[in-house]
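Shown next: entry-v2.cif, containing mmCIF, C-alpha atoms.
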data_work
#
loop_
_atom_site.label_atom_id
_atom_site.label_comp_id
_atom_site.auth_asym_id
_atom_site.auth_seq_id
_atom_site.Cartn_x
_atom_site.Cartn_y
_atom_site.Cartn_z
CA MET T 1206 0.00 0.00 0.00
CA THR T 1207 1.58 3.27 -1.08
CA THR T 1208 0.22 6.61 -0.02
CA SER T 1209 -0.14 7.77 -3.59
CA GLU T 1210 -3.23 5.69 -4.25
CA HIS T 1211 -5.32 8.04 -2.10
CA ALA T 1212 -3.35 11.19 -2.84
CA PHE T 1213 -4.90 14.09 -4.71
CA SER T 1214 -3.43 15.04 -8.09
CA ASP T 1215 -0.44 17.38 -7.95
CA ALA T 1216 -2.62 20.30 -9.03
CA GLU T 1217 -5.17 19.56 -6.31
CA ARG T 1218 -2.49 19.17 -3.66
CA LEU T 1219 -0.99 22.50 -4.64
CA ALA T 1220 -4.42 24.15 -4.41
CA VAL T 1221 -4.87 22.89 -0.86
CA TYR T 1222 -1.43 24.18 0.13
CA ARG T 1223 -2.14 27.45 -1.65
CA ALA T 1224 -5.24 27.99 0.49
CA ILE T 1225 -3.27 27.14 3.63
CA HIS T 1226 -0.39 29.48 2.81
CA GLU T 1227 -2.39 32.39 1.34
CA ARG T 1228 -5.10 32.48 4.04
CA ARG T 1229 -4.80 35.60 6.16
CA ASP T 1230 -6.49 36.94 9.26
CA MET T 1231 -8.00 39.95 7.51
CA ARG T 1232 -8.81 43.24 9.21
CA HIS T 1233 -9.56 45.36 6.12
CA PHE T 1234 -12.69 44.78 4.06
CA SER T 1235 -14.16 46.54 1.05
CA GLY T 1236 -17.88 46.16 1.77
CA GLY T 1237 -19.84 44.40 -0.96
CA VAL T 1238 -21.84 41.24 -0.42
CA VAL T 1239 -21.38 37.50 -0.06
CA ALA T 1240 -23.75 35.60 -2.34
CA ASP T 1241 -26.14 33.31 -0.49
CA ASP T 1242 -24.90 30.15 -2.19
CA MET T 1243 -21.31 31.06 -1.40
CA LEU T 1244 -22.15 31.64 2.26
CA GLN T 1245 -23.88 28.27 2.35
CA ARG T 1246 -20.79 26.57 0.90
CA LEU T 1247 -18.64 28.21 3.56
CA LEU T 1248 -20.98 27.16 6.36
CA GLN T 1249 -21.11 23.61 4.97
CA ALA T 1250 -17.31 23.60 4.92
CA ALA T 1251 -17.35 24.57 8.60
CA HIS T 1252 -19.97 21.93 9.33
CA HIS T 1253 -17.75 19.25 7.81
CA ALA T 1254 -15.01 19.82 10.34
CA PRO T 1255 -13.99 16.99 12.65
CA SER T 1256 -15.55 17.09 16.09
CA VAL T 1257 -14.85 15.26 19.32
CA GLY T 1258 -17.28 12.34 19.60
CA PHE T 1259 -18.97 13.79 16.46
CA MET T 1260 -20.72 16.31 18.73
CA GLN T 1261 -20.73 19.11 16.12
CA PRO T 1262 -20.60 21.82 18.78
CA TRP T 1263 -20.64 24.80 16.41
CA ARG T 1264 -23.46 27.32 16.19
CA PHE T 1265 -23.45 30.34 13.90
CA ILE T 1266 -25.42 33.54 14.36
CA ARG T 1267 -25.44 35.65 11.24
CA VAL T 1268 -25.71 39.32 12.09
CA ARG T 1269 -28.14 41.01 9.71
CA SER T 1270 -29.30 43.92 11.86
CA ARG T 1271 -27.16 47.04 11.46
CA PRO T 1272 -27.82 48.30 14.99
CA LEU T 1273 -26.78 44.90 16.35
CA ARG T 1274 -23.58 45.05 14.32
CA GLU T 1275 -22.86 48.50 15.70
CA SER T 1276 -23.35 47.14 19.22
CA LEU T 1277 -20.87 44.37 18.46
CA HIS T 1278 -18.39 46.92 17.21
CA ALA T 1279 -18.81 48.99 20.37
CA LEU T 1280 -18.20 45.87 22.48
CA VAL T 1281 -15.00 45.11 20.57
CA GLU T 1282 -13.84 48.72 20.80
CA GLU T 1283 -14.39 48.67 24.57
CA GLU T 1284 -12.28 45.53 25.01
CA ARG T 1285 -9.66 46.88 22.63
CA VAL T 1286 -9.00 49.73 25.04
CA LEU T 1287 -8.91 47.39 28.05
CA THR T 1288 -6.52 45.03 26.26
CA ALA T 1289 -4.26 47.94 25.31
CA GLN T 1290 -4.09 49.02 28.96
CA ALA T 1291 -3.31 45.46 30.05
CA LEU T 1292 -0.48 45.32 27.51
CA GLY T 1293 1.42 48.12 29.26
CA GLU T 1294 4.49 49.03 27.22
CA ARG T 1295 3.00 47.65 24.02
CA GLU T 1296 -0.19 49.68 24.45
CA ASP T 1297 0.60 52.21 21.73
CA ALA T 1298 1.48 49.59 19.14
CA PHE T 1299 -1.70 47.69 19.91
CA MET T 1300 -3.91 50.76 19.66
CA LYS T 1301 -2.77 51.27 16.07
CA LEU T 1302 -4.51 48.05 15.11
CA LYS T 1303 -8.08 48.81 14.12
CA VAL T 1304 -11.30 46.87 14.56
CA GLN T 1305 -13.06 48.65 11.72
CA GLY T 1306 -13.57 45.30 9.98
CA VAL T 1307 -16.55 44.60 12.21
CA LEU T 1308 -18.29 47.55 10.57
CA ASP T 1309 -16.95 47.19 7.03
CA ALA T 1310 -17.12 43.45 6.30
CA ALA T 1311 -19.94 42.23 4.07
CA GLU T 1312 -20.95 39.68 6.72
CA VAL T 1313 -20.44 39.28 10.44
CA LEU T 1314 -21.08 35.97 12.18
CA VAL T 1315 -20.85 35.05 15.83
CA VAL T 1316 -19.65 31.50 16.48
CA ALA T 1317 -20.65 29.91 19.77
CA LEU T 1318 -20.70 26.64 21.65
CA PRO T 1319 -24.19 25.41 22.59
CA PRO T 1320 -25.46 24.65 26.08
CA GLY T 1321 -25.65 21.05 27.28
CA ARG T 1322 -22.09 20.16 26.33
CA GLU T 1323 -21.53 18.37 29.63
CA GLN T 1324 -23.53 15.41 28.27
CA HIS T 1325 -20.79 14.79 25.74
CA VAL T 1326 -18.15 12.72 27.52
CA PHE T 1327 -16.58 11.00 24.50
CA GLY T 1328 -13.06 12.44 24.14
CA ARG T 1329 -13.86 15.11 26.72
CA ARG T 1330 -13.76 13.38 30.10
CA THR T 1331 -10.25 14.65 30.77
CA LEU T 1332 -10.17 17.38 28.09
CA PRO T 1333 -13.52 19.18 28.18
CA GLU T 1334 -12.10 21.98 26.05
CA MET T 1335 -12.11 19.69 22.99
CA ASP T 1336 -15.49 21.18 22.04
CA LEU T 1337 -13.78 24.52 21.56
CA ALA T 1338 -11.02 22.81 19.57
CA SER T 1339 -13.61 21.21 17.26
CA SER T 1340 -15.28 24.53 16.60
CA ALA T 1341 -11.90 26.10 15.90
CA CYS T 1342 -11.40 23.41 13.23
CA ALA T 1343 -14.77 24.41 11.77
CA ILE T 1344 -13.70 28.03 11.61
CA GLN T 1345 -10.43 27.05 9.97
CA ASN T 1346 -12.32 25.08 7.30
CA MET T 1347 -14.44 28.15 6.63
CA TRP T 1348 -11.37 30.37 6.49
CA LEU T 1349 -9.66 28.20 3.88
CA ALA T 1350 -12.81 27.89 1.81
CA ALA T 1351 -13.29 31.65 1.98
CA ARG T 1352 -9.75 32.18 0.71
CA ALA T 1353 -10.42 29.85 -2.21
CA GLU T 1354 -13.61 31.81 -2.95
CA GLY T 1355 -11.59 35.05 -2.90
CA LEU T 1356 -13.17 36.28 0.34
CA GLY T 1357 -11.27 37.58 3.33
CA MET T 1358 -12.06 36.48 6.87
CA GLY T 1359 -10.96 37.70 10.27
CA TRP T 1360 -11.43 36.11 13.70
CA VAL T 1361 -11.99 38.73 16.37
CA SER T 1362 -11.61 37.51 19.97
CA ILE T 1363 -11.45 40.95 21.56
CA PHE T 1364 -14.76 41.08 23.41
CA CYS T 1365 -16.32 40.30 26.76
CA PRO T 1366 -18.00 36.90 26.27
CA LEU T 1367 -20.73 37.58 28.83
CA GLN T 1368 -21.71 40.84 27.19
CA LEU T 1369 -21.64 39.28 23.74
CA ALA T 1370 -23.81 36.39 24.93
CA GLY T 1371 -26.26 38.94 26.27
CA LEU T 1372 -26.37 40.88 23.02
CA MET T 1373 -27.05 37.72 21.02
CA GLY T 1374 -29.70 36.33 23.37
CA MET T 1375 -27.61 33.26 24.12
CA PRO T 1376 -28.88 30.74 26.69
CA ASP T 1377 -27.07 29.87 29.92
CA GLY T 1378 -24.33 27.34 29.31
CA SER T 1379 -23.57 28.54 25.79
CA ARG T 1380 -20.31 30.31 25.08
CA PRO T 1381 -19.34 32.69 22.27
CA MET T 1382 -15.85 32.13 20.86
CA ALA T 1383 -15.54 34.28 17.76
CA ILE T 1384 -16.83 37.26 15.90
CA LEU T 1385 -16.05 36.45 12.28
CA CYS T 1386 -15.75 39.24 9.72
CA LEU T 1387 -16.18 37.92 6.19
CA GLY T 1388 -16.32 39.48 2.78
CA PRO T 1389 -14.58 40.96 -0.23
CA VAL T 1390 -11.22 42.64 0.32
CA ASP T 1391 -9.18 44.94 -1.89
CA ALA T 1392 -6.07 42.83 -1.36
CA PHE T 1393 -4.91 39.93 0.78
CA TYR T 1394 -1.92 40.69 2.98
CA GLY T 1395 1.26 39.15 1.60
CA GLN T 1396 2.22 38.08 5.12
CA PRO T 1397 0.44 38.11 8.48
CA MET T 1398 -0.54 41.69 9.30
CA LEU T 1399 1.06 41.39 12.73
CA GLN T 1400 4.34 40.48 11.07
CA THR T 1401 4.11 43.51 8.78
CA GLU T 1402 3.36 45.63 11.84
CA LYS T 1403 6.41 44.10 13.54
CA TRP T 1404 4.27 42.83 16.40
CA ALA T 1405 5.84 39.37 16.11
CA GLN T 1406 7.82 37.34 13.61
CA ARG T 1407 7.09 33.84 12.38
CA ALA T 1408 9.03 31.34 14.46
CA ASP T 1409 11.44 28.89 12.90
CA LEU T 1410 9.52 25.62 12.60
CA ALA T 1411 12.58 23.68 13.74
CA ASP T 1412 12.30 25.38 17.14
CA LEU T 1413 8.75 24.08 17.58
CA VAL T 1414 9.32 20.41 16.74
CA PHE T 1415 10.82 18.00 19.25
CA GLU T 1416 11.57 14.31 19.22
CA ASP T 1417 10.44 11.87 21.90
CA CYS T 1418 10.82 14.44 24.68
CA TRP T 1419 9.99 18.09 25.14
CA GLY T 1420 12.95 20.27 24.14
CA GLN T 1421 14.81 17.49 22.37
CA SER T 1422 15.70 18.32 18.77
CA PRO T 1423 15.68 15.60 16.13
CA GLY T 1424 18.99 13.82 16.26
CA ASP T 1425 19.71 14.82 19.87
CA ALA T 1426 19.07 11.32 21.17
CA GLY T 1427 22.16 9.37 22.12
CA ASP T 1428 21.23 6.21 20.28
CA MET A 1241 -14.42 45.19 -6.44
CA THR A 1242 -15.74 41.74 -7.16
CA THR A 1243 -14.69 38.73 -5.16
CA SER A 1244 -13.64 36.86 -8.26
CA GLU A 1245 -10.43 38.82 -8.68
CA HIS A 1246 -8.92 37.02 -5.68
CA ALA A 1247 -10.77 33.74 -6.11
CA PHE A 1248 -8.92 30.55 -6.96
CA SER A 1249 -9.66 28.85 -10.28
CA ASP A 1250 -12.67 26.53 -10.27
CA ALA A 1251 -10.39 23.49 -10.20
CA GLU A 1252 -8.44 24.87 -7.24
CA ARG A 1253 -11.62 25.76 -5.35
CA LEU A 1254 -12.94 22.26 -5.88
CA ALA A 1255 -9.69 20.78 -4.60
CA VAL A 1256 -9.96 22.79 -1.39
CA TYR A 1257 -13.55 21.65 -0.89
CA ARG A 1258 -12.56 18.10 -1.73
CA ALA A 1259 -9.99 18.09 1.08
CA ILE A 1260 -12.55 19.56 3.47
CA HIS A 1261 -15.24 17.02 2.58
CA GLU A 1262 -13.06 13.92 2.24
CA ARG A 1263 -10.97 14.47 5.38
CA ARG A 1264 -11.78 11.88 8.03
CA ASP A 1265 -10.81 11.27 11.63
CA MET A 1266 -9.03 7.99 10.93
CA ARG A 1267 -8.66 5.17 13.43
CA HIS A 1268 -7.34 2.45 11.10
CA PHE A 1269 -3.84 2.64 9.66
CA SER A 1270 -1.82 0.33 7.48
CA GLY A 1271 1.68 0.93 8.84
CA GLY A 1272 4.22 2.10 6.28
CA VAL A 1273 6.14 5.34 6.51
CA VAL A 1274 5.69 9.06 5.97
CA ALA A 1275 8.52 10.47 3.89
CA ASP A 1276 10.53 13.17 5.66
CA ASP A 1277 9.76 15.86 3.09
CA MET A 1278 6.05 15.07 3.29
CA LEU A 1279 6.09 15.31 7.09
CA GLN A 1280 7.85 18.65 6.81
CA ARG A 1281 5.16 19.93 4.41
CA LEU A 1282 2.47 18.85 6.85
CA LEU A 1283 4.20 20.54 9.79
CA GLN A 1284 4.69 23.70 7.72
CA ALA A 1285 0.98 23.62 6.88
CA ALA A 1286 0.23 23.46 10.61
CA HIS A 1287 2.70 26.25 11.29
CA HIS A 1288 0.91 28.50 8.79
CA ALA A 1289 -2.32 28.42 10.76
CA PRO A 1290 -3.71 31.65 12.15
CA SER A 1291 -2.92 32.34 15.78
CA VAL A 1292 -4.23 34.80 18.29
CA GLY A 1293 -1.84 37.75 18.47
CA PHE A 1294 0.43 35.71 16.14
CA MET A 1295 1.60 33.78 19.21
CA GLN A 1296 2.09 30.47 17.33
CA PRO A 1297 1.36 28.41 20.42
CA TRP A 1298 1.81 25.00 18.79
CA ARG A 1299 4.57 22.55 19.72
CA PHE A 1300 4.96 19.10 18.18
CA ILE A 1301 6.70 16.13 19.71
CA ARG A 1302 7.34 13.38 17.19
CA VAL A 1303 7.33 9.99 18.85
CA ARG A 1304 10.18 7.90 17.47
CA SER A 1305 10.80 5.54 20.37
CA ARG A 1306 8.73 2.35 20.22
CA PRO A 1307 8.60 1.89 24.00
CA LEU A 1308 7.38 5.49 24.35
CA ARG A 1309 4.69 4.83 21.77
CA GLU A 1310 3.60 1.75 23.68
CA SER A 1311 3.37 3.84 26.85
CA LEU A 1312 1.17 6.34 25.00
CA HIS A 1313 -1.05 3.51 23.85
CA ALA A 1314 -1.35 2.19 27.40
CA LEU A 1315 -2.31 5.67 28.60
CA VAL A 1316 -5.03 5.92 25.95
CA GLU A 1317 -6.30 2.44 26.70
CA GLU A 1318 -6.54 3.30 30.41
CA GLU A 1319 -8.61 6.42 29.71
CA ARG A 1320 -10.72 4.52 27.18
CA VAL A 1321 -11.93 2.24 29.96
CA LEU A 1322 -12.60 5.18 32.31
CA THR A 1323 -14.50 7.04 29.59
CA ALA A 1324 -16.57 3.95 28.83
CA GLN A 1325 -17.52 3.66 32.50
CA ALA A 1326 -18.44 7.35 32.62
CA LEU A 1327 -20.68 6.88 29.58
CA GLY A 1328 -22.94 4.45 31.44
CA GLU A 1329 -25.53 3.05 29.07
CA ARG A 1330 -23.38 3.75 26.02
CA GLU A 1331 -20.39 1.93 27.54
CA ASP A 1332 -20.65 -1.13 25.29
CA ALA A 1333 -20.91 0.84 22.09
CA PHE A 1334 -17.93 2.95 23.10
CA MET A 1335 -15.78 -0.06 23.98
CA LYS A 1336 -16.14 -1.36 20.42
CA LEU A 1337 -14.17 1.64 19.17
CA LYS A 1338 -10.51 0.77 19.14
CA VAL A 1339 -7.43 2.84 19.83
CA GLN A 1340 -5.14 0.51 17.88
CA GLY A 1341 -4.22 3.42 15.59
CA VAL A 1342 -1.76 4.66 18.19
CA LEU A 1343 0.23 1.45 17.63
CA ASP A 1344 -0.35 1.02 13.89
CA ALA A 1345 0.05 4.51 12.42
CA ALA A 1346 3.30 5.29 10.63
CA GLU A 1347 3.79 8.38 12.82
CA VAL A 1348 2.53 9.56 16.18
CA LEU A 1349 2.88 13.18 17.26
CA VAL A 1350 1.91 14.86 20.49
CA VAL A 1351 0.69 18.44 20.10
CA ALA A 1352 1.00 20.71 23.10
CA LEU A 1353 0.74 24.32 24.20
CA PRO A 1354 3.98 25.79 25.56
CA PRO A 1355 4.52 27.32 29.00
CA GLY A 1356 4.55 31.11 29.39
CA ARG A 1357 1.29 31.67 27.56
CA GLU A 1358 0.10 34.14 30.21
CA GLN A 1359 2.42 36.77 28.69
CA HIS A 1360 0.26 36.78 25.57
CA VAL A 1361 -2.65 39.11 26.28
CA PHE A 1362 -3.51 40.12 22.70
CA GLY A 1363 -6.90 38.55 21.92
CA ARG A 1364 -6.75 36.50 25.13
CA ARG A 1365 -7.49 38.92 27.97
CA THR A 1366 -11.09 37.74 28.15
CA LEU A 1367 -10.69 34.51 26.15
CA PRO A 1368 -7.46 32.84 27.32
CA GLU A 1369 -8.49 29.61 25.60
CA MET A 1370 -7.78 31.20 22.19
CA ASP A 1371 -4.31 29.61 22.32
CA LEU A 1372 -5.97 26.21 22.21
CA ALA A 1373 -8.20 27.40 19.36
CA SER A 1374 -5.16 28.53 17.37
CA SER A 1375 -3.46 25.18 17.81
CA ALA A 1376 -6.65 23.41 16.75
CA CYS A 1377 -6.52 25.45 13.53
CA ALA A 1378 -2.94 24.25 13.06
CA ILE A 1379 -4.04 20.64 13.46
CA GLN A 1380 -6.88 21.18 11.00
CA ASN A 1381 -4.43 22.57 8.42
CA MET A 1382 -2.29 19.49 8.90
CA TRP A 1383 -5.32 17.21 8.59
CA LEU A 1384 -6.39 18.73 5.28
CA ALA A 1385 -2.87 18.67 3.90
CA ALA A 1386 -2.52 15.03 4.97
CA ARG A 1387 -5.73 14.16 3.13
CA ALA A 1388 -4.42 15.82 -0.01
CA GLU A 1389 -1.19 13.82 0.36
CA GLY A 1390 -3.23 10.64 0.68
CA LEU A 1391 -2.40 10.15 4.37
CA GLY A 1392 -4.91 9.49 7.10
CA MET A 1393 -4.84 11.32 10.40
CA GLY A 1394 -6.67 10.86 13.68
CA TRP A 1395 -6.87 13.16 16.70
CA VAL A 1396 -6.94 11.18 19.95
CA SER A 1397 -8.03 13.15 23.02
CA ILE A 1398 -8.60 10.12 25.24
CA PHE A 1399 -5.76 10.47 27.75
CA CYS A 1400 -4.91 11.99 31.10
CA PRO A 1401 -3.10 15.24 30.24
CA LEU A 1402 -0.98 15.19 33.40
CA GLN A 1403 0.24 11.67 32.74
CA LEU A 1404 0.94 12.45 29.10
CA ALA A 1405 2.87 15.59 30.09
CA GLY A 1406 4.93 13.43 32.42
CA LEU A 1407 5.67 10.84 29.74
CA MET A 1408 6.82 13.52 27.31
CA GLY A 1409 8.95 15.43 29.81
CA MET A 1410 6.84 18.54 29.42
CA PRO A 1411 7.60 21.58 31.60
CA ASP A 1412 5.17 23.09 34.11
CA GLY A 1413 2.69 25.37 32.42
CA SER A 1414 2.63 23.42 29.17
CA ARG A 1415 -0.43 21.46 28.19
CA PRO A 1416 -0.86 18.52 25.81
CA MET A 1417 -3.96 18.69 23.62
CA ALA A 1418 -3.67 15.92 21.05
CA ILE A 1419 -2.09 12.62 20.19
CA LEU A 1420 -2.06 12.62 16.40
CA CYS A 1421 -1.90 9.35 14.50
CA LEU A 1422 -0.70 9.88 10.94
CA GLY A 1423 0.10 7.62 8.06
CA PRO A 1424 -1.00 5.49 5.14
CA VAL A 1425 -4.45 3.90 5.32
CA ASP A 1426 -6.04 1.13 3.29
CA ALA A 1427 -9.14 3.24 2.68
CA PHE A 1428 -10.64 6.50 3.84
CA TYR A 1429 -14.04 6.16 5.49
CA GLY A 1430 -16.83 7.30 3.18
CA GLN A 1431 -18.47 9.07 6.10
CA PRO A 1432 -17.44 9.80 9.68
CA MET A 1433 -16.73 6.50 11.44
CA LEU A 1434 -18.99 7.50 14.33
CA GLN A 1435 -21.84 7.94 11.85
CA THR A 1436 -21.21 4.50 10.36
CA GLU A 1437 -21.15 3.11 13.90
CA LYS A 1438 -24.45 4.89 14.56
CA TRP A 1439 -22.93 6.79 17.46
CA ALA A 1440 -24.33 10.08 16.11
CA GLN A 1441 -25.68 11.48 12.87
CA ARG A 1442 -24.64 14.65 11.08
CA ALA A 1443 -26.93 17.50 12.13
CA ASP A 1444 -28.89 19.52 9.61
CA LEU A 1445 -26.88 22.68 9.03
CA ALA A 1446 -30.07 24.75 9.05
CA ASP A 1447 -30.54 23.83 12.72
CA LEU A 1448 -27.14 25.28 13.60
CA VAL A 1449 -27.44 28.67 11.89
CA PHE A 1450 -29.38 31.51 13.46
CA GLU A 1451 -30.01 35.10 12.47
CA ASP A 1452 -29.41 38.08 14.77
CA CYS A 1453 -30.44 36.16 17.87
CA TRP A 1454 -29.80 32.70 19.28
CA GLY A 1455 -32.52 30.28 18.16
CA GLN A 1456 -33.93 32.58 15.49
CA SER A 1457 -34.06 30.98 12.04
CA PRO A 1458 -33.41 33.08 8.94
CA GLY A 1459 -36.63 34.78 7.98
CA ASP A 1460 -38.09 34.59 11.49
CA ALA A 1461 -37.64 38.27 12.11
CA GLY A 1462 -40.78 40.37 11.92
CA ASP A 1463 -39.37 43.04 9.66
#
Would you mind writing the file's structure down as structure tokens?
Amino acid sequence: MTTSEHAFSDAERLAVYRAIHERRDMRHFSGGVVADDMLQRLLQAAHHAPSVGFMQPWRFIRVRSRPLRESLHALVEEERVLTAQALGEREDAFMKLKVQGVLDAAEVLVVALPPGREQHVFGRRTLPEMDLASSACAIQNMWLAARAEGLGMGWVSIFCPLQLAGLMGMPDGSRPMAILCLGPVDAFYGQPMLQTEKWAQRADLADLVFEDCWGQSPGDAGD
Amino acid sequence: MTTSEHAFSDAERLAVYRAIHERRDMRHFSGGVVADDMLQRLLQAAHHAPSVGFMQPWRFIRVRSRPLRESLHALVEEERVLTAQALGEREDAFMKLKVQGVLDAAEVLVVALPPGREQHVFGRRTLPEMDLASSACAIQNMWLAARAEGLGMGWVSIFCPLQLAGLMGMPDGSRPMAILCLGPVDAFYGQPMLQTEKWAQRADLADLVFEDCWGQSPGDAGD
């Protein structure tokens, strides 16, 4: 059994890697619209993510109301200031980063975990946070599909979850995890925006991969 | 500005959706090997995931030692029994699901969050779990790339994190989140294994998407 039997064609493989490498966390949007069928494809992509015990813990609230969107933006702006203060010496650099995308993007969606998750024990007895991990995989699917469709997406996590849950009428036990901005963009960033802004640099992969033991580089072992 | 300017070609778009829809959480592996350059491509795909504040919180420990792998398998088997007991009436159904993949897969990797994450406040002041979400996106990138390469992957979260951290020599403050099984497979499941096993069915997407308010279906609004 070789791996190639199940492998995609070279062109298909390259397309998958292209989506992975050209996807960006977008903060600048150019308005416009997302066609209904395209939005459905993106949501189906999310819905076909893996999930722990196949629990499918993702819920999406599409924000159609303009006043509601403005309330979301105000919530994000409030937390942006609090985060900047918490950052101390990096406050100024952080404050340069805008959250205008929440107002400008063609679509805004809130992603949340549903109530009743405690019933799902499969794969979560010792790691209850695997529901969040599954929903992150769903968002990543949507992000890659959006890139292939030519749409930008940004994941905003700068908000007070309790206030956001209140704004969206979420039941007790549910938990918001993302405000997604989605829509046409003038241009995709050539590299992560935070790298361009010199907030952080991409690490060397070799520093993140160990062998058999934390901190042990490949080839370090004595044998 | 239309979206099509940045869209992939139709063939490329379809390849991205193919990876998303044909990716499976694999539990059956056929041994073999993963070529070094292929493994590097998969790890680079993971490393190009989005991360909160560009913190890149993913660390990978490749398990080369056979005795270490057997210890991992024993750890998973121990938690499998405890999970089955916690499931009560579904215990028997759960016990039919095997964790043999940890022994059979060509490669096993432990994914973990590093210590020192509390320094990273950007996007995490109110949602500290966004580091886990970022690393889940990295795993999802790797999963899709593996599918395109014709390799199966499974995410095992059935283990005691403290014991796993001990086995891998992980420092205080780090946190393991996945045992990944990766390698050639005889066949990809046509649908999620847990659906085939009648553990759960795929939900109707329409039941997971609301508009403006939790529980409100599109078109429900009075206006």
Residue by residue, what does the PyMOL selection byres ((chain T and resi 1339-1353) around 7) grab here? Present the result as a ChimeraX atom specification.
/T:1224-1225,1228,1247-1248,1250-1252,1254-1257,1262-1263,1335-1338,1354-1358 /A:1247-1248,1253,1256-1257,1260,1373,1376-1377,1380
(message) I'd like to know which of A:Arg1299, A:Arg1320, A:Arg1330, A:His1268 is closest to chain T, using all atoms listed in the file.
(response)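 Smallest distance to chain T is found for A:Arg1299.
The gap separating CA of Arg1267 in chain A from CA of Glu1323 in chain T is 24.5 Å, in Å to one decimal.
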Tell me which protein, DNA and RNA residues are within 10 Å of Pro1366 in chain T, counting only C-alpha atoms, leaving out same-chain ones fewer than 5 positions away, and put them as a compact mmCIF listing (two decimals) with C-alpha atoms, in the coordinates of the input.
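Done, and the output landed in selection.txt:
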# COMPACT_ATOMS: atom_id res chain seq x y z
CA LEU T 1280 -18.20 45.87 22.48
CA ALA T 1317 -20.65 29.91 19.77
CA GLY T 1371 -26.26 38.94 26.27
CA LEU T 1372 -26.37 40.88 23.02
CA ARG T 1380 -20.31 30.31 25.08
CA PRO T 1381 -19.34 32.69 22.27
CA MET T 1382 -15.85 32.13 20.86
CA ALA T 1383 -15.54 34.28 17.76
CA THR A 1366 -11.09 37.74 28.15
CA LEU A 1367 -10.69 34.51 26.15
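Each of A:Glu1451, A:Val1273, A:Phe1362, A:Pro1458 was compared to Glu1296 in chain T using only C-alpha atoms, and A:Phe1362 turns out to be the nearest.
Remark: for Arg1304 in chain A, the closest of the candidate residues A:Gln1431, A:Glu1347, A:Cys1453, A:Leu1445 is A:Glu1347 (distances computed over all atoms listed in the file).
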Correct to one decimal, the distance CA of Val1321 in chain A-CA of Phe1334 in chain A is 9.1 Å
In Å and to one decimal, CA of Arg1274 in chain T is distant from CA of Ser1235 in chain T by 16.3 Å
> Can you list what the PyMOL selection byres ((chain T and resi 1321) around 12) grabs from this structure, as a list in words?
Replying inline: Met1260, Pro1262, Leu1318, Pro1319, Pro1320, Arg1322, Glu1323, Gln1324, His1325, Val1326, Asp1336, Pro1376, Asp1377, Gly1378, Ser1379 and Arg1380 of chain T
Output range 1310-1321 of chain A with N, CA and C atoms present, as a short mmCIF file (atom, residue, chain, number, x, y, z; two decimals), in the coordinates of the input.
data_model
loop_
_atom_site.label_atom_id
_atom_site.label_comp_id
_atom_site.auth_asym_id
_atom_site.auth_seq_id
_atom_site.Cartn_x
_atom_site.Cartn_y
_atom_site.Cartn_z
N GLU A 1310 4.39 2.75 22.96
CA GLU A 1310 3.60 1.75 23.68
C GLU A 1310 3.07 2.32 25.01
N SER A 1311 3.85 3.18 25.63
CA SER A 1311 3.37 3.84 26.85
C SER A 1311 2.20 4.77 26.54
N LEU A 1312 2.28 5.47 25.41
CA LEU A 1312 1.17 6.34 25.00
C LEU A 1312 -0.08 5.50 24.79
N HIS A 1313 0.10 4.38 24.12
CA HIS A 1313 -1.05 3.51 23.85
C HIS A 1313 -1.67 3.02 25.15
N ALA A 1314 -0.83 2.67 26.10
CA ALA A 1314 -1.35 2.19 27.40
C ALA A 1314 -2.13 3.30 28.10
N LEU A 1315 -1.64 4.51 27.99
CA LEU A 1315 -2.31 5.67 28.60
C LEU A 1315 -3.69 5.86 27.98
N VAL A 1316 -3.75 5.74 26.66
CA VAL A 1316 -5.03 5.92 25.95
C VAL A 1316 -5.98 4.78 26.31
N GLU A 1317 -5.45 3.58 26.38
CA GLU A 1317 -6.30 2.44 26.70
C GLU A 1317 -6.88 2.59 28.11
N GLU A 1318 -6.08 3.08 29.03
CA GLU A 1318 -6.54 3.30 30.41
C GLU A 1318 -7.70 4.30 30.44
N GLU A 1319 -7.55 5.40 29.72
CA GLU A 1319 -8.61 6.42 29.71
C GLU A 1319 -9.82 5.92 28.93
N ARG A 1320 -9.60 5.07 27.94
CA ARG A 1320 -10.72 4.52 27.18
C ARG A 1320 -11.66 3.76 28.12
N VAL A 1321 -11.11 3.00 29.01
CA VAL A 1321 -11.93 2.24 29.96
C VAL A 1321 -12.67 3.20 30.90
#
